[in-house]
>>> print(open('protein01.tsv').read())   # TSV, C-alpha atoms
chain	number	residue	atom	x	y	z
A	1	MET	CA	-71.44	193.28	26.01
A	2	ASN	CA	-68.31	192.19	24.30
A	3	THR	CA	-65.24	192.57	26.44
A	4	GLN	CA	-62.06	192.71	24.55
A	5	GLN	CA	-58.86	192.64	26.44
A	6	THR	CA	-56.14	194.54	24.72
A	7	GLN	CA	-52.82	192.95	25.14
A	8	GLU	CA	-50.29	195.54	26.15
A	9	ALA	CA	-46.73	194.95	25.04
A	10	ILE	CA	-44.41	194.48	27.98
A	11	LEU	CA	-41.07	196.18	27.63
A	12	GLU	CA	-38.01	194.10	28.25
A	13	ASP	CA	-36.01	195.40	31.19
A	14	ILE	CA	-32.46	194.85	30.02
A	15	LYS	CA	-30.03	194.40	32.87
A	16	VAL	CA	-27.05	196.75	32.67
A	17	SER	CA	-23.83	195.82	34.42
A	18	LEU	CA	-22.77	197.80	37.45
A	19	LYS	CA	-19.52	198.74	35.72
A	20	LEU	CA	-21.46	200.28	32.84
A	21	LYS	CA	-23.72	202.19	35.25
A	22	LEU	CA	-20.67	203.63	37.01
A	23	ALA	CA	-19.06	204.61	33.69
A	24	ALA	CA	-22.30	206.32	32.62
A	25	LEU	CA	-22.46	208.26	35.90
A	26	TRP	CA	-18.85	209.44	35.47
A	27	ALA	CA	-19.61	210.43	31.86
A	28	SER	CA	-22.66	212.41	32.99
A	29	LEU	CA	-20.54	214.13	35.63
A	30	MET	CA	-17.94	215.06	33.03
A	31	PHE	CA	-20.55	216.57	30.72
A	32	LEU	CA	-21.81	218.73	33.58
A	33	ILE	CA	-18.29	219.83	34.54
A	34	ILE	CA	-17.48	220.79	30.95
A	35	TYR	CA	-20.76	222.63	30.32
A	36	LEU	CA	-20.68	224.49	33.63
A	37	ASP	CA	-17.14	225.68	32.84
A	38	TYR	CA	-18.31	226.72	29.39
A	39	PHE	CA	-21.37	228.57	30.73
A	40	HIS	CA	-19.10	230.29	33.25
A	41	LEU	CA	-17.55	232.17	30.32
A	42	TYR	CA	-20.90	233.90	29.73
A	43	MET	CA	-20.89	235.50	33.16
A	44	PRO	CA	-20.02	239.21	32.96
A	45	GLY	CA	-16.32	239.97	33.34
A	46	LYS	CA	-15.09	236.36	33.35
A	47	ILE	CA	-13.43	236.48	29.93
A	48	ASN	CA	-11.70	239.75	30.89
A	49	ASP	CA	-10.41	238.10	34.08
A	50	ILE	CA	-9.07	235.18	32.04
A	51	LEU	CA	-7.43	237.58	29.57
A	52	LYS	CA	-5.81	239.32	32.54
A	53	GLY	CA	-4.49	235.96	33.70
A	54	SER	CA	-6.67	235.10	36.68
A	55	VAL	CA	-9.47	232.74	37.63
A	56	PHE	CA	-11.27	233.52	40.90
A	57	VAL	CA	-8.32	234.31	43.23
A	58	PHE	CA	-5.79	232.20	41.31
A	59	ASP	CA	-3.26	233.35	38.73
A	60	ILE	CA	-3.34	231.30	35.56
A	61	THR	CA	0.02	229.54	35.59
A	62	GLN	CA	1.28	226.18	34.39
A	63	GLY	CA	0.79	224.88	37.93
A	64	PHE	CA	-2.81	226.12	38.04
A	65	LEU	CA	-3.60	224.51	34.68
A	66	LEU	CA	-1.91	221.26	35.74
A	67	ALA	CA	-4.03	221.22	38.91
A	68	ALA	CA	-7.17	221.96	36.87
A	69	LEU	CA	-6.29	219.14	34.47
A	70	SER	CA	-5.84	216.67	37.30
A	71	ILE	CA	-9.13	217.73	38.92
A	72	VAL	CA	-11.08	216.99	35.72
A	73	GLY	CA	-8.72	214.36	34.31
A	74	ILE	CA	-9.24	211.86	37.09
A	75	PRO	CA	-13.05	211.74	36.75
A	76	ALA	CA	-12.60	211.54	32.97
A	77	LEU	CA	-10.34	208.51	33.40
A	78	MET	CA	-12.89	206.94	35.74
A	79	ILE	CA	-15.22	206.51	32.75
A	80	PHE	CA	-12.79	203.91	31.39
A	81	LEU	CA	-11.44	202.64	34.70
A	82	SER	CA	-14.96	201.85	35.95
A	83	VAL	CA	-15.26	199.36	33.12
A	84	ALA	CA	-11.67	198.07	33.06
A	85	LEU	CA	-10.60	197.65	36.70
A	86	PRO	CA	-11.19	194.43	38.60
A	87	ALA	CA	-14.13	194.56	41.03
A	88	LYS	CA	-12.27	195.02	44.33
A	89	VAL	CA	-10.03	197.85	43.08
A	90	ASN	CA	-12.89	199.31	41.05
A	91	ARG	CA	-15.17	199.50	44.08
A	92	TRP	CA	-12.67	201.39	46.24
A	93	ALA	CA	-11.47	203.64	43.40
A	94	ASN	CA	-15.06	204.74	42.74
A	95	ILE	CA	-15.82	205.32	46.41
A	96	ILE	CA	-12.63	207.26	47.17
A	97	ILE	CA	-12.45	209.33	43.99
A	98	ALA	CA	-16.15	210.24	44.15
A	99	ALA	CA	-15.84	211.21	47.84
A	100	VAL	CA	-12.78	213.39	47.14
A	101	ASN	CA	-14.58	215.10	44.26
A	102	ILE	CA	-17.55	216.26	46.35
A	103	PRO	CA	-15.60	219.02	48.20
A	104	LEU	CA	-13.86	219.98	44.94
A	105	ILE	CA	-17.25	220.48	43.28
A	106	LEU	CA	-18.51	222.51	46.23
A	107	PHE	CA	-15.36	224.67	46.24
A	108	ASN	CA	-16.36	225.90	42.79
A	109	LEU	CA	-19.28	227.68	44.48
A	110	ALA	CA	-16.89	229.91	46.47
A	111	GLY	CA	-17.13	233.56	45.54
A	112	GLU	CA	-19.79	234.52	43.06
A	113	ALA	CA	-22.19	231.60	42.59
A	114	TRP	CA	-25.06	232.02	40.16
A	115	ILE	CA	-28.12	229.79	40.24
A	116	HIS	CA	-26.93	227.69	37.29
A	117	MET	CA	-23.74	226.93	39.23
A	118	ILE	CA	-25.66	225.95	42.36
A	119	ILE	CA	-28.07	223.68	40.49
A	120	GLY	CA	-25.15	222.20	38.54
A	121	ALA	CA	-23.23	221.52	41.77
A	122	VAL	CA	-26.28	219.86	43.33
A	123	ILE	CA	-26.67	217.58	40.32
A	124	GLN	CA	-22.94	216.77	40.36
A	125	VAL	CA	-23.04	215.91	44.08
A	126	VAL	CA	-26.09	213.69	43.49
A	127	LEU	CA	-24.22	211.87	40.69
A	128	LEU	CA	-21.17	211.43	42.95
A	129	CYS	CA	-23.38	210.12	45.78
A	130	LEU	CA	-24.94	207.64	43.35
A	131	ILE	CA	-21.45	206.50	42.36
A	132	ILE	CA	-20.55	205.99	46.02
A	133	ARG	CA	-23.83	204.15	46.69
A	134	TYR	CA	-23.55	201.81	43.69
A	135	ALA	CA	-19.90	201.06	44.47
A	136	TRP	CA	-20.60	200.59	48.19
A	137	LYS	CA	-23.39	198.09	47.44
A	138	TRP	CA	-21.28	196.18	44.88
A	139	PRO	CA	-22.84	192.70	44.57
A	140	ARG	CA	-20.93	189.90	46.25
A	141	ILE	CA	-20.69	186.23	45.34
A	142	GLU	CA	-21.22	183.77	48.17
A	143	LYS	CA	-18.51	181.11	48.30
>>> encode(input="protein01.tsv", output="structure tokens")
Amino acid sequence: MNTQQTQEAILEDIKVSLKLKLAALWASLMFLIIYLDYFHLYMPGKINDILKGSVFVFDITQGFLLAALSIVGIPALMIFLSVALPAKVNRWANIIIAAVNIPLILFNLAGEAWIHMIIGAVIQVVLLCLIIRYAWKWPRIEK
């Protein structure tokens, strides 16, 4: 019996920097935030509420829109800042901003929460927990 061993190609496991992993997690989070807000428009009555000038229990004002911009603007900036900031500042910025965003994400479930919103919030919280974990375990150099 002839035994032939087939040589299987081994895939190279390319190491990705921690900063790039954090930026990718923030980018994934932002895609989810944007798409969940977009899908929210398909829920019955939501466009009429917006046309009447309200979102959930809030009136749509310049202050409301400024607050909404800051809530999504900070994670959007973290995509860049995760790559650009020095390690010590980067670590704490990721931990603090991710931790602050978890209750903000969960607040979006107040009122009428459909299953797509719940699943989306769970995924967002998992991404934020991964950000906290990666940043918390930031590699150290022994001196």
>>> closest_residue(input="protein01.tsv", among="A:Ile141, A:Glu12, A:Glu112, A:Ile95", to="Pro44 in chain A", atoms="only C-alpha atoms")
A:Glu112
>>> closest_residue(input="protein01.tsv", among="A:Leu85, A:Ala110, A:Met117, A:Ile102", to="Ile132 in chain A", atoms="all atoms listed in the file")
A:Ile102
>>> closest_residue(input="protein01.tsv", among="A:Ser70, A:Asn94, A:Asn108, A:Thr61", to="Leu130 in chain A", atoms="only C-alpha atoms")
A:Asn94
>>> residues_around(input="protein01.tsv", residues="Leu128 in chain A", least_positions_apart="4", cutoff="9 Å", atoms="all atoms listed in the file", output="list in words")
Leu25, Trp26, Leu29, Ile95, Ala98, Ala99, Asn101, Ile102, Ile123, Gln124, Ile132 and Arg133 of chain A
>>> residues_around(input="protein01.tsv", residues="Ala84 in chain A", least_positions_apart="5", cutoff="10 Å", atoms="all atoms listed in the file", output="ChimeraX atom specification")
/A:19,23,78-79,90
>>> atom_distance(input="protein01.tsv", atom1="CA of Ile115 in chain A", atom2="CA of Ile47 in chain A")
19.2 Å
>>> closest_residue(input="protein01.tsv", among="A:Pro75, A:Val57, A:Phe80, A:Lys52", to="Ile34 in chain A", atoms="all atoms listed in the file")
A:Pro75
